[in-house]
Amino acid sequence: HSVRDYPGYFNSDSEKLNRVWYAGAYTNQLCSIDPAYGNALGVPGTDWYYNVTIAHGTSVLIDGAKRDRLVWPGDIAISGPSIFVSTNSLDGTRNGIDSLLALQAPDGRLPWAGSPFTSPDRFVFSFTYHLYTLLDLYYYYLYTGDLAYLQSYWTQYKSALAWSLATIDSSRLANVTSSNDWLRSGMGGHNVEAGELLLCDANSILYHTLDMSLRLAEAVGDSSGIESWRAAMEGIKTAINERLWDPAQNLFFDNDVNKTETSLHPQDGNSWAVIAGVVDTERAESISAALAARWVRPYGAPAPEAGATISPFASGFEVQAHYLSGSPERAVELIEFMWADFMLDDPRMTNSSFIEGYSTSGDLRYAPYDDYDTRVSHAHGWATGPTSALTFFAAGLQLTSAVGKTWLVQPRLGGLGRVTAGFETSLGEFSASWNSDQTNSVVGEFKTPAGTSGILILPGGNPNLAVSGRQGRVRPSSTVDGDLVFTNVPGGSYEVRRS
């Protein structure tokens with residue numbers, strides 16, 4: 001695709017955000033390759049060949065353009081949605097999912113990464129990446145509506161989910177015994193992420209996966225697991241708040257074993273707690289403020305769970321958490337100084353694609369790689385989180401069921417004066433153009449396909465806003481937390497103006 005051929009687009013009055021959105025789209029194009037040229041897993045600099053077929057088809061979405069050139073499900077959880085809102089070239093996502101599900105173990109576990117990293121005599125497991133594969137399948141179905149594809153994997157999907165549910169112990173949290181994740185440290189136990197630990201990150205991702213699984217079960221018409229999934233969600237939500245919350249720092253501890261003043265409070269787990277909805281609005285705002293207070297200027301948001309590291313992967317989830325906590329101005333600020341000012345404009349960067357990770361000192365040294373300074377990828381799809389976040393949250397265009405049969409339009413400008421964005425599904429065009437007026441009310445227009453329906457949420461609660469479409473004026477159903485809420489809005493073109 002050239003930029004002119006993208007079905008998706010984004011523009012705002014922040015040129016920094018515009019550049020970040022398109023650099024994310026371009027990075028993911030670089031990370032979509034012919035599957036015949038995958039990594040042969042030699043040591044960098046010695047026998048490091050790109051001559052292994054890693055998936056079927058003509059395209060596959062990999063982690064990095066030069067390295068690893070492998071399918072990693074955690075990476076796709078960021079790069080897949082960002083591809084959808086830009087190029088909408090989802091064959092590579094599908095082929096990557098196929099390659100992972102083909103490697104499922106008999107007990108239901110899914111591999112940490114695709115072939116040849118995983119092979120008949122080598123199965124490496126990650127609790128969180130196992131769940132990311134399931135989320136990747138959910139996203140693919142959400143964007144394509146390919147029910148036959150979902151049905152073809154439904155038995156495998158439920159087997160994988162059953163394995164995860166079986167790890168929940170009397171604490172009501174999953175007890176994580178796998179140490180593998182995105183090269184963070186300390187996995188294991190009951191973590192809010194994931195030894196023997198109750199982890200914040202892993203349990204928040206499990207909660208979210210169960211939540212999305214309820215939607216998939218409805219799509220395939222299978223209610224057999226719904227009751228147990230809902231019960232597990234309720235237990236996780238209660239236990240994570242009771243056992244892992246640190247009121248002194250307004251953040252979750254990483255796990256239930258190390259809970260002192262100096263213990264780890266992870267970026268990934270706290271971001272995921274907000275995304276998954278395991279916290280109330282007050283606690284979500286507290287997490288957003290506490291995460292922002294840790295920013296290391298001018299470099300970015302730290303991921304202490306990986307040492308002295310800034311991870312664009314984990315920070316992509318933090319961006320979502322700021323939007324979802326009601327703090328869009330923090331999301332905008334983080335994207336502008338971390339992704340635009342540093343990750344694009346630092347002279348050591350490419351100025352067009354996004355790096356895998358770097359140090360909190362600004363050195364291009366990624367702590368998980370020890371002394372491999374040259375190993376860091378400068379085109380890594382997992383760093384493209386802002387591309388989808390700006391479309392879904394700033395412009396406020398979200399699908400709530402497959403291909404947008406139902407939708408949510410909820411702009412969050414975060415101090416921007418203007419935002420325009422759009423994308424397509426098989427049902428048609430979704431687009432929005434917003435301006436913030438002098439009273440901080442959001443005015444503008446949006447369009448969703450005929451035959452769909454959705455919810456419109458406008459910030460600020462200004463009673464003088466008029467929403468009108470082909471059928472005339474639409475009245476708000478309610479005011480929630482100061483926002484105007486319009487329900488059962490038929491698909492079509494609408495204007496939002498001050499009356």
# chains A, B, ... in the order shown; residues from 1 in each chain; ligands from 1
$ select_by_dssp --residues "segment 196-434 of chain A" --states "helix (DSSP H, G or I)" --output "number ranges by chain"
A: 200-220, 226-244, 267-276, 281-293, 304-306, 312-324, 328-344, 367-369, 373-375, 381-383, 385-394, 402-404
$ residues_around --residues "Ser115 of chain A" --least-positions-apart "3" --cutoff "8 Å" --atoms "only C-alpha atoms" --output "number ranges by chain"
A: 54-55, 70-71, 99-100, 118-119
$ write_last_selection --atoms "N, CA and C atoms" --output "CSV table (one decimal), in the first residue's frame"
chain,number,residue,atom,x,y,z
A,54,ILE,N,7.5,-19.7,7.7
A,54,ILE,CA,7.0,-19.6,9.1
A,54,ILE,C,5.4,-19.6,9.1
A,55,ALA,N,4.8,-19.5,8.0
A,55,ALA,CA,3.3,-19.5,7.9
A,55,ALA,C,2.9,-19.9,6.5
A,70,LEU,N,9.7,-13.4,13.3
A,70,LEU,CA,8.9,-14.6,13.8
A,70,LEU,C,7.5,-14.1,14.2
A,71,VAL,N,6.6,-15.0,14.3
A,71,VAL,CA,5.2,-14.6,14.8
A,71,VAL,C,5.2,-14.7,16.3
A,99,SER,N,-0.7,-20.0,12.2
A,99,SER,CA,0.6,-20.7,12.5
A,99,SER,C,0.8,-21.0,14.0
A,100,LEU,N,0.1,-20.2,14.9
A,100,LEU,CA,0.2,-20.4,16.3
A,100,LEU,C,-0.8,-21.5,16.7
A,118,THR,N,9.1,-22.4,18.0
A,118,THR,CA,8.5,-23.6,18.5
A,118,THR,C,8.6,-24.7,17.5
A,119,SER,N,8.9,-25.9,18.0
A,119,SER,CA,9.1,-27.0,17.1
A,119,SER,C,8.6,-28.3,17.8
$ closest_atom_pairs --of "segment 69-96 of chain A" --to "segment 371-391 of chain A" --cutoff "9 Å" --atoms "only C-alpha atoms" --output "tab-separated table"
residue	atom	partner	partner_atom	distance
A:Gly74	CA	A:Trp382	CA	7.8
A:Asp75	CA	A:Trp382	CA	4.6
A:Ile76	CA	A:Trp382	CA	7.0
A:Ala77	CA	A:Trp382	CA	7.9
A:Ile78	CA	A:Trp382	CA	5.4
A:Ser79	CA	A:Gly381	CA	5.1
A:Gly80	CA	A:Gly381	CA	8.7
A:Pro81	CA	A:Ser388	CA	5.9
A:Ser82	CA	A:Ser388	CA	4.4
A:Ile83	CA	A:Ser388	CA	7.9
A:Phe84	CA	A:Ser388	CA	8.0
A:Val85	CA	A:Ser388	CA	6.1
A:Ser86	CA	A:Thr387	CA	8.0
$ residues_around --residues "Ala331 of chain A" --least-positions-apart "3" --cutoff "9 Å" --atoms "only C-alpha atoms" --output "list in words"
Glu318, Val319, Gln320, Ala321, His322, Tyr323, Ser327, Pro328, Leu334, Ile335, Glu336, Pro386 and Gly414 of chain A
$ write_last_selection --atoms "C-alpha atoms" --output "mmCIF file, in the first residue's frame"
data_model
loop_
_atom_site.group_PDB
_atom_site.id
_atom_site.type_symbol
_atom_site.label_atom_id
_atom_site.label_comp_id
_atom_site.auth_asym_id
_atom_site.auth_seq_id
_atom_site.Cartn_x
_atom_site.Cartn_y
_atom_site.Cartn_z
ATOM 1 C CA GLU A 318 -0.513 2.737 29.000
ATOM 2 C CA VAL A 319 -1.773 5.071 26.260
ATOM 3 C CA GLN A 320 -5.024 3.095 26.145
ATOM 4 C CA ALA A 321 -5.273 3.227 29.939
ATOM 5 C CA HIS A 322 -4.996 7.030 29.982
ATOM 6 C CA TYR A 323 -7.800 7.326 27.437
ATOM 7 C CA SER A 327 -7.428 11.378 30.983
ATOM 8 C CA PRO A 328 -7.033 11.766 27.210
ATOM 9 C CA LEU A 334 2.793 10.837 26.115
ATOM 10 C CA ILE A 335 2.416 10.109 22.407
ATOM 11 C CA GLU A 336 3.793 13.531 21.489
ATOM 12 C CA PRO A 386 -0.836 4.951 19.173
ATOM 13 C CA GLY A 414 -7.621 15.511 25.164
#
$ atom_distance --atom1 "atom CA of Asn175 of chain A" --atom2 "atom CA of Ala105 of chain A"
19.6 Å
$ atom_distance --atom1 "atom CA of Pro266 of chain A" --atom2 "atom CA of Asp254 of chain A"
5.7 Å
$ closest_residue --among "A:Ala65, A:Ala276, A:Val496, A:Leu216" --to "Trp154 of chain A" --atoms "only C-alpha atoms"
A:Leu216
$ closest_residue --among "A:Cys200, A:Ser223, A:Pro247, A:Ala306" --to "Gly269 of chain A" --atoms "only C-alpha atoms"
A:Cys200
$ closest_residue --among "A:Asn351, A:Ser228, A:Asn95, A:Gln267" --to "Ala314 of chain A" --atoms "only C-alpha atoms"
A:Gln267
$ select_by_dssp --residues "segment 210-276 of chain A" --states "strand (DSSP E or B)" --output "MDAnalysis selection string"
chainID A and resid 245:246 251:252
$ residues_around --residues "Glu495 of chain A" --least-positions-apart "3" --cutoff "6 Å" --atoms "only C-alpha atoms" --output "MDAnalysis selection string"
chainID A and resid 444:445 467:468
$ write_last_selection --atoms "N, CA, C and O atoms" --output "PDB file, in the first residue's frame"
ATOM      1  N   GLY A 444     -19.064  18.451  15.572  1.00  0.00           N
ATOM      2  CA  GLY A 444     -18.534  17.869  14.353  1.00  0.00           C
ATOM      3  C   GLY A 444     -19.537  16.963  13.687  1.00  0.00           C
ATOM      4  O   GLY A 444     -20.756  17.197  13.734  1.00  0.00           O
ATOM      5  N   GLU A 445     -19.039  15.885  13.098  1.00  0.00           N
ATOM      6  CA  GLU A 445     -19.918  14.971  12.371  1.00  0.00           C
ATOM      7  C   GLU A 445     -19.315  13.575  12.393  1.00  0.00           C
ATOM      8  O   GLU A 445     -18.101  13.396  12.580  1.00  0.00           O
ATOM      9  N   VAL A 467     -27.786  16.944  18.141  1.00  0.00           N
ATOM     10  CA  VAL A 467     -27.343  15.855  17.266  1.00  0.00           C
ATOM     11  C   VAL A 467     -28.457  15.599  16.261  1.00  0.00           C
ATOM     12  O   VAL A 467     -29.599  15.305  16.644  1.00  0.00           O
ATOM     13  N   SER A 468     -28.147  15.733  14.975  1.00  0.00           N
ATOM     14  CA  SER A 468     -29.180  15.568  13.956  1.00  0.00           C
ATOM     15  C   SER A 468     -28.699  14.683  12.819  1.00  0.00           C
ATOM     16  O   SER A 468     -27.533  14.731  12.426  1.00  0.00           O
TER      17      SER A 468
END
$ atom_distance --atom1 "atom CA of Asn250 of chain A" --atom2 "atom CA of Ala289 of chain A"
8.5 Å
$ closest_residue --among "A:Ala273, A:Leu264, A:Ile355, A:Val278" --to "Ile310 of chain A" --atoms "only C-alpha atoms"
A:Ile355
$ residues_around --residues "segment 395-405 of chain A" --least-positions-apart "5" --cutoff "10 Å" --atoms "only C-alpha atoms" --output "ChimeraX atom specification"
/A:10-12,85,138-147,215-216,219,388-390,410-413,418-434,446-458,491
$ residues_around --residues "Ala232 of chain A" --least-positions-apart "5" --cutoff "12 Å" --atoms "only C-alpha atoms" --output "PDB file with N, CA and C atoms, in the first residue's frame"
ATOM      1  N   LEU A 161      -8.655 -21.784  26.716  1.00  0.00           N
ATOM      2  CA  LEU A 161      -9.222 -21.020  27.813  1.00  0.00           C
ATOM      3  C   LEU A 161      -9.417 -21.893  29.050  1.00  0.00           C
ATOM      4  N   ALA A 162      -9.807 -23.151  28.833  1.00  0.00           N
ATOM      5  CA  ALA A 162      -9.980 -24.076  29.960  1.00  0.00           C
ATOM      6  C   ALA A 162      -8.656 -24.299  30.684  1.00  0.00           C
ATOM      7  N   SER A 164      -6.235 -22.124  30.992  1.00  0.00           N
ATOM      8  CA  SER A 164      -5.984 -20.936  31.803  1.00  0.00           C
ATOM      9  C   SER A 164      -6.869 -20.910  33.050  1.00  0.00           C
ATOM     10  N   LEU A 165      -8.131 -21.258  32.895  1.00  0.00           N
ATOM     11  CA  LEU A 165      -9.052 -21.250  34.032  1.00  0.00           C
ATOM     12  C   LEU A 165      -8.634 -22.248  35.102  1.00  0.00           C
ATOM     13  N   ALA A 166      -8.016 -23.349  34.682  1.00  0.00           N
ATOM     14  CA  ALA A 166      -7.593 -24.376  35.636  1.00  0.00           C
ATOM     15  C   ALA A 166      -6.442 -23.911  36.517  1.00  0.00           C
ATOM     16  N   THR A 167      -5.817 -22.794  36.170  1.00  0.00           N
ATOM     17  CA  THR A 167      -4.720 -22.270  36.995  1.00  0.00           C
ATOM     18  C   THR A 167      -5.230 -21.381  38.133  1.00  0.00           C
ATOM     19  N   ILE A 168      -6.521 -21.068  38.139  1.00  0.00           N
ATOM     20  CA  ILE A 168      -7.089 -20.254  39.216  1.00  0.00           C
ATOM     21  C   ILE A 168      -7.186 -21.114  40.476  1.00  0.00           C
ATOM     22  N   ASP A 169      -6.616 -20.611  41.580  1.00  0.00           N
ATOM     23  CA  ASP A 169      -6.621 -21.372  42.824  1.00  0.00           C
ATOM     24  C   ASP A 169      -7.563 -20.741  43.840  1.00  0.00           C
ATOM     25  N   SER A 170      -7.413 -21.106  45.085  1.00  0.00           N
ATOM     26  CA  SER A 170      -8.339 -20.641  46.116  1.00  0.00           C
ATOM     27  C   SER A 170      -8.285 -19.136  46.328  1.00  0.00           C
ATOM     28  N   SER A 171      -7.249 -18.494  45.825  1.00  0.00           N
ATOM     29  CA  SER A 171      -7.151 -17.024  45.923  1.00  0.00           C
ATOM     30  C   SER A 171      -8.125 -16.334  44.972  1.00  0.00           C
ATOM     31  N   ARG A 172      -8.679 -17.101  44.035  1.00  0.00           N
ATOM     32  CA  ARG A 172      -9.541 -16.628  42.942  1.00  0.00           C
ATOM     33  C   ARG A 172      -8.746 -15.941  41.830  1.00  0.00           C
ATOM     34  N   LEU A 173      -7.408 -16.044  41.906  1.00  0.00           N
ATOM     35  CA  LEU A 173      -6.541 -15.526  40.853  1.00  0.00           C
ATOM     36  C   LEU A 173      -5.774 -16.672  40.213  1.00  0.00           C
ATOM     37  N   ALA A 174      -5.377 -16.475  38.962  1.00  0.00           N
ATOM     38  CA  ALA A 174      -4.548 -17.470  38.288  1.00  0.00           C
ATOM     39  C   ALA A 174      -3.163 -17.488  38.911  1.00  0.00           C
ATOM     40  N   ASN A 203      -3.425 -11.745  35.306  1.00  0.00           N
ATOM     41  CA  ASN A 203      -4.817 -11.871  35.717  1.00  0.00           C
ATOM     42  C   ASN A 203      -5.705 -10.816  35.070  1.00  0.00           C
ATOM     43  N   SER A 204      -5.176  -9.633  34.843  1.00  0.00           N
ATOM     44  CA  SER A 204      -5.957  -8.618  34.136  1.00  0.00           C
ATOM     45  C   SER A 204      -6.194  -9.028  32.686  1.00  0.00           C
ATOM     46  N   LEU A 206      -6.216 -12.117  31.605  1.00  0.00           N
ATOM     47  CA  LEU A 206      -7.156 -13.240  31.658  1.00  0.00           C
ATOM     48  C   LEU A 206      -8.589 -12.735  31.799  1.00  0.00           C
ATOM     49  N   TYR A 207      -8.792 -11.748  32.665  1.00  0.00           N
ATOM     50  CA  TYR A 207     -10.123 -11.165  32.836  1.00  0.00           C
ATOM     51  C   TYR A 207     -10.643 -10.611  31.501  1.00  0.00           C
ATOM     52  N   HIS A 208      -9.794  -9.852  30.805  1.00  0.00           N
ATOM     53  CA  HIS A 208     -10.200  -9.262  29.525  1.00  0.00           C
ATOM     54  C   HIS A 208     -10.484 -10.347  28.494  1.00  0.00           C
ATOM     55  N   THR A 209      -9.658 -11.387  28.459  1.00  0.00           N
ATOM     56  CA  THR A 209      -9.872 -12.481  27.508  1.00  0.00           C
ATOM     57  C   THR A 209     -11.205 -13.174  27.774  1.00  0.00           C
ATOM     58  N   LEU A 210     -11.515 -13.401  29.045  1.00  0.00           N
ATOM     59  CA  LEU A 210     -12.811 -13.991  29.392  1.00  0.00           C
ATOM     60  C   LEU A 210     -13.958 -13.080  28.945  1.00  0.00           C
ATOM     61  N   ASP A 211     -13.795 -11.785  29.136  1.00  0.00           N
ATOM     62  CA  ASP A 211     -14.819 -10.821  28.746  1.00  0.00           C
ATOM     63  C   ASP A 211     -15.073 -10.888  27.241  1.00  0.00           C
ATOM     64  N   GLY A 225     -20.021 -22.379  28.355  1.00  0.00           N
ATOM     65  CA  GLY A 225     -19.002 -21.918  29.290  1.00  0.00           C
ATOM     66  C   GLY A 225     -19.317 -20.612  29.978  1.00  0.00           C
ATOM     67  N   ILE A 226     -20.419 -19.980  29.596  1.00  0.00           N
ATOM     68  CA  ILE A 226     -20.661 -18.601  30.011  1.00  0.00           C
ATOM     69  C   ILE A 226     -20.739 -18.462  31.530  1.00  0.00           C
ATOM     70  N   GLU A 227     -21.452 -19.350  32.180  1.00  0.00           N
ATOM     71  CA  GLU A 227     -21.634 -19.222  33.626  1.00  0.00           C
ATOM     72  C   GLU A 227     -20.305 -19.309  34.365  1.00  0.00           C
ATOM     73  N   LYS A 237     -11.790 -10.071  39.560  1.00  0.00           N
ATOM     74  CA  LYS A 237     -11.987  -8.640  39.794  1.00  0.00           C
ATOM     75  C   LYS A 237     -11.941  -8.326  41.291  1.00  0.00           C
ATOM     76  N   THR A 238     -12.606  -9.150  42.087  1.00  0.00           N
ATOM     77  CA  THR A 238     -12.612  -8.922  43.532  1.00  0.00           C
ATOM     78  C   THR A 238     -11.231  -9.140  44.130  1.00  0.00           C
ATOM     79  N   ALA A 239     -10.600 -10.255  43.762  1.00  0.00           N
ATOM     80  CA  ALA A 239      -9.336 -10.638  44.398  1.00  0.00           C
ATOM     81  C   ALA A 239      -8.190  -9.716  44.006  1.00  0.00           C
ATOM     82  N   ILE A 240      -8.174  -9.272  42.774  1.00  0.00           N
ATOM     83  CA  ILE A 240      -7.066  -8.428  42.325  1.00  0.00           C
ATOM     84  C   ILE A 240      -7.078  -7.101  43.084  1.00  0.00           C
TER      85      ILE A 240
END
$ closest_atom_pairs --of "segment 159-258 of chain A" --to "segment 109-114 of chain A" --cutoff "9 Å" --atoms "only C-alpha atoms" --output "tab-separated table"
residue	atom	partner	partner_atom	distance
A:Ser159	CA	A:Arg109	CA	8.0
A:Ala160	CA	A:Arg109	CA	5.6
A:Leu161	CA	A:Arg109	CA	8.7
A:Trp163	CA	A:Arg109	CA	6.7
A:Ser164	CA	A:Arg109	CA	8.3
A:Asn180	CA	A:Trp112	CA	7.7
A:Asp181	CA	A:Trp112	CA	7.9
$ write_last_selection --atoms "N, CA, C and O atoms" --output "PDB file, in the first residue's frame"
ATOM      1  N   SER A 159     -10.462 -24.998  24.554  1.00  0.00           N
ATOM      2  CA  SER A 159      -9.457 -25.825  25.222  1.00  0.00           C
ATOM      3  C   SER A 159      -8.369 -24.955  25.836  1.00  0.00           C
ATOM      4  O   SER A 159      -7.928 -25.181  26.972  1.00  0.00           O
ATOM      5  N   ALA A 160      -7.929 -23.940  25.093  1.00  0.00           N
ATOM      6  CA  ALA A 160      -6.897 -23.026  25.596  1.00  0.00           C
ATOM      7  C   ALA A 160      -7.415 -22.243  26.797  1.00  0.00           C
ATOM      8  O   ALA A 160      -6.705 -22.056  27.796  1.00  0.00           O
ATOM      9  N   LEU A 161      -8.655 -21.784  26.716  1.00  0.00           N
ATOM     10  CA  LEU A 161      -9.222 -21.020  27.813  1.00  0.00           C
ATOM     11  C   LEU A 161      -9.417 -21.893  29.050  1.00  0.00           C
ATOM     12  O   LEU A 161      -9.181 -21.452  30.182  1.00  0.00           O
ATOM     13  N   TRP A 163      -7.566 -24.369  29.930  1.00  0.00           N
ATOM     14  CA  TRP A 163      -6.250 -24.532  30.574  1.00  0.00           C
ATOM     15  C   TRP A 163      -5.970 -23.332  31.488  1.00  0.00           C
ATOM     16  O   TRP A 163      -5.526 -23.506  32.631  1.00  0.00           O
ATOM     17  N   SER A 164      -6.235 -22.124  30.992  1.00  0.00           N
ATOM     18  CA  SER A 164      -5.984 -20.936  31.803  1.00  0.00           C
ATOM     19  C   SER A 164      -6.869 -20.910  33.050  1.00  0.00           C
ATOM     20  O   SER A 164      -6.402 -20.584  34.146  1.00  0.00           O
ATOM     21  N   ASN A 180       7.891 -16.717  31.157  1.00  0.00           N
ATOM     22  CA  ASN A 180       8.051 -16.051  29.865  1.00  0.00           C
ATOM     23  C   ASN A 180       6.946 -15.032  29.607  1.00  0.00           C
ATOM     24  O   ASN A 180       5.777 -15.281  29.879  1.00  0.00           O
ATOM     25  N   ASP A 181       7.351 -13.896  29.078  1.00  0.00           N
ATOM     26  CA  ASP A 181       6.398 -12.862  28.679  1.00  0.00           C
ATOM     27  C   ASP A 181       7.078 -12.041  27.596  1.00  0.00           C
ATOM     28  O   ASP A 181       7.753 -12.589  26.742  1.00  0.00           O
TER      29      ASP A 181
END
$ residues_around --residues "Val20 of chain A" --least-positions-apart "3" --cutoff "7 Å" --atoms "only C-alpha atoms" --output "number ranges by chain"
A: 16-17, 23-24, 339-340
$ decode --residues "segment 346-360 of chain A" --atoms "N, CA, C and O atoms" --output "JSON list (two decimals), in the first residue's frame"
[["chain", "number", "residue", "atom", "x", "y", "z"],
["A", 346, "ASP", "N", 14.61, 11.82, 17.40],
["A", 346, "ASP", "CA", 15.99, 11.67, 17.86],
["A", 346, "ASP", "C", 16.86, 11.26, 16.67],
["A", 346, "ASP", "O", 16.47, 10.41, 15.86],
["A", 347, "PRO", "N", 18.04, 11.86, 16.52],
["A", 347, "PRO", "CA", 18.85, 11.59, 15.32],
["A", 347, "PRO", "C", 19.30, 10.14, 15.18],
["A", 347, "PRO", "O", 19.72, 9.72, 14.09],
["A", 348, "ARG", "N", 19.20, 9.36, 16.24],
["A", 348, "ARG", "CA", 19.59, 7.95, 16.15],
["A", 348, "ARG", "C", 18.44, 7.07, 15.63],
["A", 348, "ARG", "O", 18.64, 5.88, 15.38],
["A", 349, "MET", "N", 17.26, 7.63, 15.47],
["A", 349, "MET", "CA", 16.09, 6.88, 15.02],
["A", 349, "MET", "C", 15.94, 6.99, 13.51],
["A", 349, "MET", "O", 16.62, 7.75, 12.84],
["A", 350, "THR", "N", 14.99, 6.22, 12.95],
["A", 350, "THR", "CA", 14.81, 6.19, 11.49],
["A", 350, "THR", "C", 14.00, 7.36, 10.98],
["A", 350, "THR", "O", 13.99, 7.64, 9.79],
["A", 351, "ASN", "N", 13.24, 8.03, 11.85],
["A", 351, "ASN", "CA", 12.33, 9.12, 11.49],
["A", 351, "ASN", "C", 11.11, 8.62, 10.71],
["A", 351, "ASN", "O", 10.32, 9.41, 10.21],
["A", 352, "SER", "N", 10.94, 7.29, 10.61],
["A", 352, "SER", "CA", 9.79, 6.78, 9.86],
["A", 352, "SER", "C", 9.21, 5.49, 10.43],
["A", 352, "SER", "O", 8.11, 5.10, 10.05],
["A", 353, "SER", "N", 9.94, 4.82, 11.32],
["A", 353, "SER", "CA", 9.46, 3.57, 11.92],
["A", 353, "SER", "C", 9.83, 3.57, 13.40],
["A", 353, "SER", "O", 10.62, 4.40, 13.86],
["A", 354, "PHE", "N", 9.25, 2.63, 14.15],
["A", 354, "PHE", "CA", 9.37, 2.67, 15.60],
["A", 354, "PHE", "C", 10.24, 1.56, 16.17],
["A", 354, "PHE", "O", 10.12, 0.40, 15.78],
["A", 355, "ILE", "N", 11.08, 1.94, 17.14],
["A", 355, "ILE", "CA", 12.05, 1.05, 17.76],
["A", 355, "ILE", "C", 11.36, 0.11, 18.76],
["A", 355, "ILE", "O", 10.30, 0.41, 19.31],
["A", 356, "GLU", "N", 12.02, -1.00, 19.01],
["A", 356, "GLU", "CA", 11.50, -2.05, 19.90],
["A", 356, "GLU", "C", 11.53, -1.64, 21.37],
["A", 356, "GLU", "O", 10.59, -1.94, 22.13],
["A", 357, "GLY", "N", 12.59, -0.98, 21.79],
["A", 357, "GLY", "CA", 12.74, -0.61, 23.19],
["A", 357, "GLY", "C", 14.07, 0.09, 23.40],
["A", 357, "GLY", "O", 14.95, 0.05, 22.53],
["A", 358, "TYR", "N", 14.22, 0.73, 24.57],
["A", 358, "TYR", "CA", 15.46, 1.44, 24.86],
["A", 358, "TYR", "C", 15.54, 1.71, 26.35],
["A", 358, "TYR", "O", 14.64, 1.31, 27.11],
["A", 359, "SER", "N", 16.58, 2.37, 26.77],
["A", 359, "SER", "CA", 16.83, 2.58, 28.19],
["A", 359, "SER", "C", 16.17, 3.86, 28.70],
["A", 359, "SER", "O", 15.97, 4.82, 27.95],
["A", 360, "THR", "N", 15.88, 3.88, 30.00],
["A", 360, "THR", "CA", 15.35, 5.09, 30.63],
["A", 360, "THR", "C", 16.37, 6.24, 30.61],
["A", 360, "THR", "O", 16.02, 7.39, 30.87]]
